[in-house]
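Structure file entry.pdb (PDB, C-alpha atoms, pLDDT in the B column) follows.
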```pdb
ATOM      1  CA  MET A   1      26.018 -15.694 -29.322  1.00 48.00           C
ATOM      2  CA  THR A   2      22.661 -14.307 -30.416  1.00 60.00           C
ATOM      3  CA  GLU A   3      19.698 -15.215 -28.238  1.00 79.00           C
ATOM      4  CA  LEU A   4      17.227 -17.657 -29.770  1.00 93.00           C
ATOM      5  CA  PRO A   5      13.657 -16.297 -29.701  1.00 96.00           C
ATOM      6  CA  ILE A   6      11.198 -18.587 -27.905  1.00 97.00           C
ATOM      7  CA  LEU A   7       7.810 -18.840 -29.611  1.00 98.00           C
ATOM      8  CA  PHE A   8       6.182 -21.354 -27.219  1.00 98.00           C
ATOM      9  CA  GLU A   9       7.129 -22.652 -23.793  1.00 97.00           C
ATOM     10  CA  ASP A  10       5.609 -24.991 -21.215  1.00 96.00           C
ATOM     11  CA  ALA A  11       6.768 -27.834 -18.970  1.00 95.00           C
ATOM     12  CA  GLU A  12       7.375 -30.323 -21.793  1.00 96.00           C
ATOM     13  CA  ALA A  13       8.061 -28.280 -24.907  1.00 97.00           C
ATOM     14  CA  LEU A  14       9.840 -25.297 -26.394  1.00 97.00           C
ATOM     15  CA  VAL A  15       9.433 -23.913 -29.885  1.00 98.00           C
ATOM     16  CA  ILE A  16      12.271 -21.643 -30.955  1.00 98.00           C
ATOM     17  CA  ASP A  17      12.637 -19.382 -33.978  1.00 98.00           C
ATOM     18  CA  LYS A  18      15.746 -20.943 -35.515  1.00 97.00           C
ATOM     19  CA  PRO A  19      17.793 -18.436 -37.503  1.00 96.00           C
ATOM     20  CA  ALA A  20      18.853 -19.241 -41.039  1.00 96.00           C
ATOM     21  CA  GLY A  21      22.444 -20.463 -41.190  1.00 94.00           C
ATOM     22  CA  LEU A  22      22.396 -22.327 -37.878  1.00 94.00           C
ATOM     23  CA  PRO A  23      22.799 -26.101 -38.386  1.00 95.00           C
ATOM     24  CA  LEU A  24      21.277 -28.484 -35.853  1.00 93.00           C
ATOM     25  CA  THR A  25      24.402 -30.650 -35.585  1.00 90.00           C
ATOM     26  CA  ARG A  26      28.123 -29.956 -35.995  1.00 88.00           C
ATOM     27  CA  PRO A  27      29.111 -29.497 -39.658  1.00 84.00           C
ATOM     28  CA  ARG A  28      32.061 -31.509 -40.948  1.00 80.00           C
ATOM     29  CA  ALA A  29      33.957 -28.268 -41.426  1.00 82.00           C
ATOM     30  CA  GLY A  30      33.280 -27.278 -37.816  1.00 77.00           C
ATOM     31  CA  GLY A  31      31.590 -24.149 -36.519  1.00 85.00           C
ATOM     32  CA  LEU A  32      28.650 -23.320 -34.271  1.00 88.00           C
ATOM     33  CA  CYS A  33      25.465 -25.403 -34.265  1.00 92.00           C
ATOM     34  CA  LEU A  34      22.246 -25.683 -32.268  1.00 94.00           C
ATOM     35  CA  GLU A  35      23.835 -28.315 -30.024  1.00 92.00           C
ATOM     36  CA  ASP A  36      26.049 -25.534 -28.637  1.00 91.00           C
ATOM     37  CA  ARG A  37      22.952 -23.624 -27.538  1.00 91.00           C
ATOM     38  CA  LEU A  38      20.889 -26.347 -25.898  1.00 93.00           C
ATOM     39  CA  ASP A  39      22.327 -25.837 -22.406  1.00 92.00           C
ATOM     40  CA  MET A  40      21.287 -22.180 -22.639  1.00 92.00           C
ATOM     41  CA  LEU A  41      17.729 -23.367 -23.314  1.00 94.00           C
ATOM     42  CA  ARG A  42      17.412 -25.373 -20.082  1.00 93.00           C
ATOM     43  CA  LEU A  43      15.752 -22.315 -18.503  1.00 89.00           C
ATOM     44  CA  GLY A  44      15.885 -23.849 -15.034  1.00 88.00           C
ATOM     45  CA  PHE A  45      15.089 -27.427 -16.094  1.00 92.00           C
ATOM     46  CA  HIS A  46      17.359 -30.345 -15.207  1.00 90.00           C
ATOM     47  CA  ARG A  47      17.757 -31.541 -18.814  1.00 93.00           C
ATOM     48  CA  ALA A  48      18.658 -29.641 -21.932  1.00 95.00           C
ATOM     49  CA  PRO A  49      15.839 -29.787 -24.515  1.00 97.00           C
ATOM     50  CA  MET A  50      16.137 -32.062 -27.548  1.00 97.00           C
ATOM     51  CA  PRO A  51      15.072 -31.312 -31.157  1.00 97.00           C
ATOM     52  CA  VAL A  52      12.053 -33.366 -32.217  1.00 98.00           C
ATOM     53  CA  HIS A  53      12.384 -32.817 -35.973  1.00 97.00           C
ATOM     54  CA  ARG A  54      14.857 -31.293 -38.398  1.00 95.00           C
ATOM     55  CA  LEU A  55      15.181 -28.056 -40.309  1.00 97.00           C
ATOM     56  CA  ASP A  56      17.817 -27.560 -42.987  1.00 96.00           C
ATOM     57  CA  THR A  57      20.653 -25.222 -42.045  1.00 96.00           C
ATOM     58  CA  ASP A  58      19.322 -22.511 -44.367  1.00 97.00           C
ATOM     59  CA  THR A  59      15.708 -22.859 -43.187  1.00 98.00           C
ATOM     60  CA  SER A  60      14.543 -20.404 -40.527  1.00 98.00           C
ATOM     61  CA  GLY A  61      11.545 -20.570 -38.212  1.00 98.00           C
ATOM     62  CA  CYS A  62       9.653 -22.936 -35.919  1.00 98.00           C
ATOM     63  CA  LEU A  63      11.671 -25.774 -34.398  1.00 98.00           C
ATOM     64  CA  LEU A  64      10.102 -27.962 -31.698  1.00 98.00           C
ATOM     65  CA  LEU A  65      12.246 -29.078 -28.755  1.00 98.00           C
ATOM     66  CA  ALA A  66      11.176 -31.623 -26.134  1.00 98.00           C
ATOM     67  CA  ARG A  67      12.144 -31.079 -22.498  1.00 97.00           C
ATOM     68  CA  ASN A  68      12.170 -34.739 -21.459  1.00 96.00           C
ATOM     69  CA  PRO A  69      12.496 -38.167 -23.151  1.00 96.00           C
ATOM     70  CA  ARG A  70       8.814 -39.029 -22.674  1.00 96.00           C
ATOM     71  CA  ALA A  71       7.702 -35.858 -24.437  1.00 97.00           C
ATOM     72  CA  LEU A  72      10.262 -36.456 -27.184  1.00 97.00           C
ATOM     73  CA  LYS A  73       8.774 -39.892 -27.855  1.00 97.00           C
ATOM     74  CA  ARG A  74       5.181 -38.565 -27.971  1.00 97.00           C
ATOM     75  CA  PHE A  75       6.012 -35.630 -30.219  1.00 98.00           C
ATOM     76  CA  ALA A  76       8.061 -37.798 -32.588  1.00 97.00           C
ATOM     77  CA  ALA A  77       5.107 -40.195 -32.822  1.00 97.00           C
ATOM     78  CA  ALA A  78       2.797 -37.286 -33.704  1.00 97.00           C
ATOM     79  CA  PHE A  79       5.112 -36.295 -36.570  1.00 97.00           C
ATOM     80  CA  GLU A  80       5.308 -39.895 -37.752  1.00 95.00           C
ATOM     81  CA  ALA A  81       1.508 -40.214 -37.680  1.00 96.00           C
ATOM     82  CA  ARG A  82       1.128 -37.007 -39.743  1.00 95.00           C
ATOM     83  CA  GLN A  83      -0.813 -35.331 -36.930  1.00 97.00           C
ATOM     84  CA  VAL A  84       1.365 -32.207 -36.912  1.00 97.00           C
ATOM     85  CA  GLU A  85       0.306 -29.184 -38.970  1.00 98.00           C
ATOM     86  CA  LYS A  86       3.330 -27.566 -40.616  1.00 98.00           C
ATOM     87  CA  ARG A  87       3.211 -24.296 -42.526  1.00 98.00           C
ATOM     88  CA  TYR A  88       6.175 -23.030 -44.523  1.00 98.00           C
ATOM     89  CA  LEU A  89       6.693 -19.937 -46.641  1.00 98.00           C
ATOM     90  CA  GLY A  90       9.088 -19.930 -49.570  1.00 98.00           C
ATOM     91  CA  VAL A  91      10.129 -17.500 -52.281  1.00 98.00           C
ATOM     92  CA  VAL A  92      10.281 -18.582 -55.918  1.00 97.00           C
ATOM     93  CA  ALA A  93      10.877 -16.814 -59.217  1.00 94.00           C
ATOM     94  CA  GLY A  94       8.942 -17.833 -62.304  1.00 89.00           C
ATOM     95  CA  ASP A  95       5.458 -18.694 -63.480  1.00 90.00           C
ATOM     96  CA  LEU A  96       3.412 -20.831 -61.119  1.00 94.00           C
ATOM     97  CA  PRO A  97       0.942 -23.420 -62.474  1.00 92.00           C
ATOM     98  CA  GLY A  98      -2.060 -21.604 -60.972  1.00 93.00           C
ATOM     99  CA  GLU A  99      -2.946 -20.094 -57.606  1.00 96.00           C
ATOM    100  CA  ALA A 100      -2.966 -23.260 -55.483  1.00 98.00           C
ATOM    101  CA  GLY A 101      -2.644 -27.013 -55.760  1.00 98.00           C
ATOM    102  CA  THR A 102      -1.211 -30.244 -54.425  1.00 98.00           C
ATOM    103  CA  ILE A 103       2.108 -31.838 -55.345  1.00 98.00           C
ATOM    104  CA  GLU A 104       2.402 -35.596 -55.018  1.00 97.00           C
ATOM    105  CA  LEU A 105       5.871 -36.782 -55.993  1.00 97.00           C
ATOM    106  CA  ALA A 106       7.608 -39.723 -54.334  1.00 97.00           C
ATOM    107  CA  LEU A 107      11.181 -38.989 -53.275  1.00 97.00           C
ATOM    108  CA  ALA A 108      14.350 -41.080 -53.196  1.00 96.00           C
ATOM    109  CA  LYS A 109      17.916 -40.367 -52.125  1.00 93.00           C
ATOM    110  CA  VAL A 110      20.754 -40.654 -54.623  1.00 93.00           C
ATOM    111  CA  SER A 111      24.469 -40.158 -54.119  1.00 85.00           C
ATOM    112  CA  THR A 112      27.510 -39.745 -56.358  1.00 78.00           C
ATOM    113  CA  ALA A 113      31.155 -39.280 -55.500  1.00 69.00           C
ATOM    114  CA  ALA A 114      31.307 -36.073 -57.527  1.00 70.00           C
ATOM    115  CA  ALA A 115      28.145 -34.293 -56.353  1.00 70.00           C
ATOM    116  CA  GLY A 116      27.379 -35.932 -53.004  1.00 79.00           C
ATOM    117  CA  TRP A 117      23.800 -36.813 -52.084  1.00 86.00           C
ATOM    118  CA  ARG A 118      20.487 -35.249 -53.001  1.00 92.00           C
ATOM    119  CA  MET A 119      16.814 -36.170 -53.221  1.00 94.00           C
ATOM    120  CA  ILE A 120      15.078 -36.852 -56.520  1.00 91.00           C
ATOM    121  CA  ALA A 121      11.520 -37.448 -57.657  1.00 92.00           C
ATOM    122  CA  ALA A 122      11.247 -41.201 -58.255  1.00 92.00           C
ATOM    123  CA  LYS A 123       8.268 -43.523 -58.678  1.00 90.00           C
ATOM    124  CA  LYS A 124       9.896 -46.094 -56.400  1.00 91.00           C
ATOM    125  CA  GLY A 125      10.699 -43.513 -53.731  1.00 94.00           C
ATOM    126  CA  LYS A 126       8.838 -42.771 -50.493  1.00 96.00           C
ATOM    127  CA  PRO A 127       5.433 -41.076 -50.872  1.00 96.00           C
ATOM    128  CA  ALA A 128       5.517 -37.296 -50.405  1.00 97.00           C
ATOM    129  CA  LEU A 129       2.574 -34.873 -50.457  1.00 97.00           C
ATOM    130  CA  THR A 130       2.638 -31.068 -50.282  1.00 98.00           C
ATOM    131  CA  HIS A 131      -0.236 -28.577 -50.570  1.00 98.00           C
ATOM    132  CA  TRP A 132       0.651 -25.095 -51.811  1.00 98.00           C
ATOM    133  CA  ARG A 133      -0.930 -21.722 -52.511  1.00 97.00           C
ATOM    134  CA  LEU A 134       0.229 -18.351 -53.777  1.00 97.00           C
ATOM    135  CA  VAL A 135       0.335 -15.771 -50.965  1.00 96.00           C
ATOM    136  CA  ALA A 136       1.813 -12.646 -52.562  1.00 94.00           C
ATOM    137  CA  ARG A 137       3.849 -11.325 -55.467  1.00 94.00           C
ATOM    138  CA  ALA A 138       6.650  -8.762 -55.635  1.00 92.00           C
ATOM    139  CA  GLY A 139       7.700  -8.200 -59.226  1.00 91.00           C
ATOM    140  CA  ALA A 140       8.993 -11.469 -60.647  1.00 93.00           C
ATOM    141  CA  LEU A 141       9.024 -13.093 -57.194  1.00 96.00           C
ATOM    142  CA  ALA A 142       6.226 -15.022 -55.529  1.00 96.00           C
ATOM    143  CA  LEU A 143       5.703 -15.909 -51.878  1.00 97.00           C
ATOM    144  CA  VAL A 144       4.251 -19.405 -51.663  1.00 98.00           C
ATOM    145  CA  GLU A 145       2.747 -21.199 -48.674  1.00 98.00           C
ATOM    146  CA  PHE A 146       3.614 -24.893 -48.409  1.00 98.00           C
ATOM    147  CA  ARG A 147       1.766 -27.319 -46.141  1.00 98.00           C
ATOM    148  CA  PRO A 148       3.518 -30.704 -46.288  1.00 98.00           C
ATOM    149  CA  GLU A 149       1.556 -33.738 -45.105  1.00 96.00           C
ATOM    150  CA  THR A 150       4.644 -35.930 -45.142  1.00 95.00           C
ATOM    151  CA  GLY A 151       8.065 -35.024 -43.790  1.00 94.00           C
ATOM    152  CA  ARG A 152      10.603 -36.307 -46.301  1.00 95.00           C
ATOM    153  CA  THR A 153      14.117 -34.882 -46.442  1.00 95.00           C
ATOM    154  CA  HIS A 154      14.222 -31.770 -48.681  1.00 97.00           C
ATOM    155  CA  GLN A 155      10.564 -32.390 -49.564  1.00 98.00           C
ATOM    156  CA  ILE A 156       9.530 -28.781 -50.132  1.00 98.00           C
ATOM    157  CA  ARG A 157      12.723 -27.965 -52.004  1.00 98.00           C
ATOM    158  CA  VAL A 158      12.271 -30.849 -54.457  1.00 97.00           C
ATOM    159  CA  HIS A 159       8.515 -30.309 -54.785  1.00 98.00           C
ATOM    160  CA  ALA A 160       9.043 -26.630 -55.558  1.00 98.00           C
ATOM    161  CA  ALA A 161      11.635 -27.416 -58.224  1.00 97.00           C
ATOM    162  CA  HIS A 162       9.884 -30.366 -59.859  1.00 95.00           C
ATOM    163  CA  GLY A 163       6.227 -29.938 -58.858  1.00 95.00           C
ATOM    164  CA  LEU A 164       5.899 -26.187 -59.326  1.00 96.00           C
ATOM    165  CA  GLY A 165       8.677 -25.927 -61.873  1.00 95.00           C
ATOM    166  CA  CYS A 166      10.171 -23.105 -59.785  1.00 96.00           C
ATOM    167  CA  ALA A 167      12.998 -23.870 -57.371  1.00 97.00           C
ATOM    168  CA  LEU A 168      13.224 -21.915 -54.145  1.00 98.00           C
ATOM    169  CA  LEU A 169      15.201 -18.726 -54.552  1.00 98.00           C
ATOM    170  CA  GLY A 170      18.841 -19.204 -53.533  1.00 98.00           C
ATOM    171  CA  ASP A 171      18.672 -23.017 -53.484  1.00 97.00           C
ATOM    172  CA  PRO A 172      22.122 -24.223 -54.611  1.00 95.00           C
ATOM    173  CA  VAL A 173      21.130 -27.893 -54.923  1.00 95.00           C
ATOM    174  CA  TYR A 174      17.715 -27.923 -56.612  1.00 96.00           C
ATOM    175  CA  GLY A 175      17.991 -24.503 -58.219  1.00 96.00           C
ATOM    176  CA  ASP A 176      20.757 -22.237 -59.523  1.00 95.00           C
ATOM    177  CA  GLY A 177      21.611 -20.776 -56.110  1.00 96.00           C
ATOM    178  CA  LYS A 178      21.021 -17.247 -57.368  1.00 96.00           C
ATOM    179  CA  GLY A 179      18.832 -14.381 -56.161  1.00 95.00           C
ATOM    180  CA  ALA A 180      19.394 -14.756 -52.408  1.00 96.00           C
ATOM    181  CA  PRO A 181      22.258 -15.599 -50.041  1.00 95.00           C
ATOM    182  CA  ARG A 182      20.397 -18.667 -48.718  1.00 98.00           C
ATOM    183  CA  THR A 183      17.594 -21.014 -49.699  1.00 98.00           C
ATOM    184  CA  MET A 184      14.511 -18.884 -49.047  1.00 98.00           C
ATOM    185  CA  LEU A 185      12.393 -21.199 -46.908  1.00 98.00           C
ATOM    186  CA  HIS A 186      10.834 -20.308 -43.547  1.00 98.00           C
ATOM    187  CA  ALA A 187       8.970 -22.579 -41.122  1.00 98.00           C
ATOM    188  CA  ALA A 188       6.203 -20.082 -40.355  1.00 98.00           C
ATOM    189  CA  GLY A 189       3.820 -22.161 -38.241  1.00 98.00           C
ATOM    190  CA  LEU A 190       3.532 -25.346 -36.228  1.00 98.00           C
ATOM    191  CA  VAL A 191       0.586 -27.015 -34.477  1.00 98.00           C
ATOM    192  CA  VAL A 192       1.230 -30.180 -32.464  1.00 98.00           C
ATOM    193  CA  PRO A 193      -1.820 -31.895 -30.903  1.00 97.00           C
ATOM    194  CA  ARG A 194      -1.481 -33.328 -27.395  1.00 96.00           C
ATOM    195  CA  GLU A 195      -3.805 -35.755 -25.676  1.00 92.00           C
ATOM    196  CA  GLY A 196      -5.328 -34.308 -22.516  1.00 92.00           C
ATOM    197  CA  LYS A 197      -3.932 -30.794 -22.937  1.00 94.00           C
ATOM    198  CA  ALA A 198      -3.915 -27.865 -25.317  1.00 97.00           C
ATOM    199  CA  ALA A 199      -2.036 -28.220 -28.574  1.00 98.00           C
ATOM    200  CA  ILE A 200       1.361 -26.623 -29.057  1.00 98.00           C
ATOM    201  CA  VAL A 201       0.777 -23.652 -31.359  1.00 98.00           C
ATOM    202  CA  ALA A 202       3.611 -21.450 -32.615  1.00 98.00           C
ATOM    203  CA  GLN A 203       4.119 -18.875 -35.345  1.00 98.00           C
ATOM    204  CA  ALA A 204       7.440 -17.411 -36.453  1.00 97.00           C
ATOM    205  CA  PRO A 205       7.473 -13.925 -38.004  1.00 96.00           C
ATOM    206  CA  LEU A 206       8.939 -13.517 -41.472  1.00 95.00           C
ATOM    207  CA  PRO A 207      12.680 -12.843 -41.221  1.00 94.00           C
ATOM    208  CA  ALA A 208      14.345  -9.687 -42.475  1.00 94.00           C
ATOM    209  CA  ASP A 209      15.694 -11.240 -45.672  1.00 95.00           C
ATOM    210  CA  PHE A 210      12.124 -11.825 -46.879  1.00 95.00           C
ATOM    211  CA  ALA A 211      11.383  -8.137 -46.282  1.00 91.00           C
ATOM    212  CA  VAL A 212      14.433  -7.151 -48.348  1.00 92.00           C
ATOM    213  CA  LEU A 213      12.808  -8.935 -51.284  1.00 93.00           C
ATOM    214  CA  GLY A 214       9.622  -6.896 -50.824  1.00 89.00           C
ATOM    215  CA  LEU A 215       7.715  -9.733 -49.177  1.00 85.00           C
ATOM    216  CA  GLY A 216       7.950  -8.713 -45.519  1.00 68.00           C
ATOM    217  CA  ASP A 217       4.338  -7.577 -45.170  1.00 64.00           C
ATOM    218  CA  ALA A 218       2.797 -10.808 -46.444  1.00 56.00           C
ATOM    219  CA  CYS A 219       1.227 -13.168 -43.925  1.00 51.00           C
TER     220      CYS A 219
END
```
Would you mind giving the structure from this file in structure tokens?
Amino acid sequence: MTELPILFEDAEALVIDKPAGLPLTRPRAGGLCLEDRLDMLRLGFHRAPMPVHRLDTDTSGCLLLARNPRALKRFAAAFEARQVEKRYLGVVAGDLPGEAGTIELALAKVSTAAAGWRMIAAKKGKPALTHWRLVARAGALALVEFRPETGRTHQIRVHAAHGLGCALLGDPVYGDGKGAPRTMLHAAGLVVPREGKAAIVAQAPLPADFAVLGLGDAC
């Protein structure tokens, strides 16, 4: 199994660079997942680390792991209180409504027997807020920075499709699934404040599949 790059490490936390295609938990169809790798991330500690938040299977980049239950509780509370700074980079194709802005669309979960579940923009849904700005262009493609204040399921994917009017490249649920072999979303940066000690700060380099699209040199 491929080694997972470690972006930050101390006595209570790890931040790894999760590769695209690696789910956090076992898929229904079986196969490898992050749970299979947690013992390898003990690195001399008694307990295996535990994920604090979630990234979609397709999403690459910064994933915070807690090394003990007390740290897990504190970090989860920081996410819940919107104290964590999250920076994502995504690739879209199409005309953006400007150079930067804020998307505020409440989200709700819907499910059908035929299509399964997905998130939709709905007035009666849970509040969701995402700031965005254009970072770079490569032909018809644009690299967009997303800074979500809330952490709703599929928030950036739905906000890109319905707030920007441009779904993430390769997104098979909220877009047409074309242009890339996966949903092109990367968790590029994470800052987690901690009382009494320095914040957890991590940055994940752009993966190779962004470079293939001509966007590898963008920051």
Using all atoms listed in the file, which of A:Gly196, A:Pro49, A:Gly90, A:Pro69 sits nearest Asp209 of chain A?
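The shortest atom-to-atom distance to Asp209 of chain A comes from A:Gly90.
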For the file shown, report as a PyMOL selection string the outcome of the PyMOL selection byres ((chain A and resi 67) around 7) at residue level. chain A and resi 12-13+47-50+65-66+68+71
Just-selected residues, C-alpha atoms written as an mmCIF file, in the coordinates of the input:
```
data_model
loop_
_atom_site.group_PDB
_atom_site.id
_atom_site.type_symbol
_atom_site.label_atom_id
_atom_site.label_comp_id
_atom_site.auth_asym_id
_atom_site.auth_seq_id
_atom_site.Cartn_x
_atom_site.Cartn_y
_atom_site.Cartn_z
ATOM 1 C CA GLU A 12 7.375 -30.323 -21.793
ATOM 2 C CA ALA A 13 8.061 -28.280 -24.907
ATOM 3 C CA ARG A 47 17.757 -31.541 -18.814
ATOM 4 C CA ALA A 48 18.658 -29.641 -21.932
ATOM 5 C CA PRO A 49 15.839 -29.787 -24.515
ATOM 6 C CA MET A 50 16.137 -32.062 -27.548
ATOM 7 C CA LEU A 65 12.246 -29.078 -28.755
ATOM 8 C CA ALA A 66 11.176 -31.623 -26.134
ATOM 9 C CA ASN A 68 12.170 -34.739 -21.459
ATOM 10 C CA ALA A 71 7.702 -35.858 -24.437
#
```
Could you expand the PyMOL selection byres ((chain A and resi 188) around 6) into the explicit residues it covers here, written as a ChimeraX atom specification? /A:61,87-88,186-187,189,203-204
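The shortest atom-to-atom distance to Ala108 of chain A, with all atoms listed in the file taken into account, belongs to A:Val158 out of A:Leu38, A:Cys62, A:Val158, A:Val144.
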Given the file shown, determine the residues that the PyMOL selection byres ((chain A and resi 141) around 8) selects; report them as a CSV table (one decimal) with C-alpha atoms, keeping the file's coordinate frame.
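Dumped to selection00.csv:
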```
chain,number,residue,atom,x,y,z
A,91,VAL,CA,10.1,-17.5,-52.3
A,92,VAL,CA,10.3,-18.6,-55.9
A,93,ALA,CA,10.9,-16.8,-59.2
A,94,GLY,CA,8.9,-17.8,-62.3
A,137,ARG,CA,3.8,-11.3,-55.5
A,138,ALA,CA,6.6,-8.8,-55.6
A,139,GLY,CA,7.7,-8.2,-59.2
A,140,ALA,CA,9.0,-11.5,-60.6
A,142,ALA,CA,6.2,-15.0,-55.5
A,143,LEU,CA,5.7,-15.9,-51.9
```
key: Contact residues around Glu35 of chain A with only C-alpha atoms at 8 Å, ignoring same-chain residues under 5 positions, as a PyMOL selection string   = chain A and resi 24-26
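Coordinates place atom CA of Gln83 of chain A at a distance of 29.8 Å from atom CA of Gly44 of chain A.
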Counting only C-alpha atoms, closest pick from A:Phe79, A:Trp132, A:Trp117, A:Phe8 relative to Glu104 of chain A is A:Trp132
Q | Residue nearest Lys18 of chain A among A:Leu96, A:Val110, A:Leu185, A:Val192 (counting only C-alpha atoms) | A |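 Nearest to Lys18 of chain A: A:Leu185.
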Handout entry: Using all atoms listed in the file: which of A:Lys124, A:Arg74, A:His154, A:Arg133 has the shortest distance to Glu195 of chain A
Key =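 Closest to Glu195 of chain A of all the choices is A:Arg74.
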Min atom-atom distance to Gly175 of chain A from the set A:Ala100, A:Met119, A:Ala160, A:Val191, counting all atoms listed in the file, belongs to A:Ala160
Determine the axis-aligned bounding box of all atoms of segment 25-34 of chain A present in the file, pad each side by 4 Å, and express its centre and edge lengths in Å to one decimal place as AutoDock Vina command-line options.
```
--center_x 28.1 --center_y -27.4 --center_z -36.8 --size_x 19.7 --size_y 16.2 --size_z 17.2
```
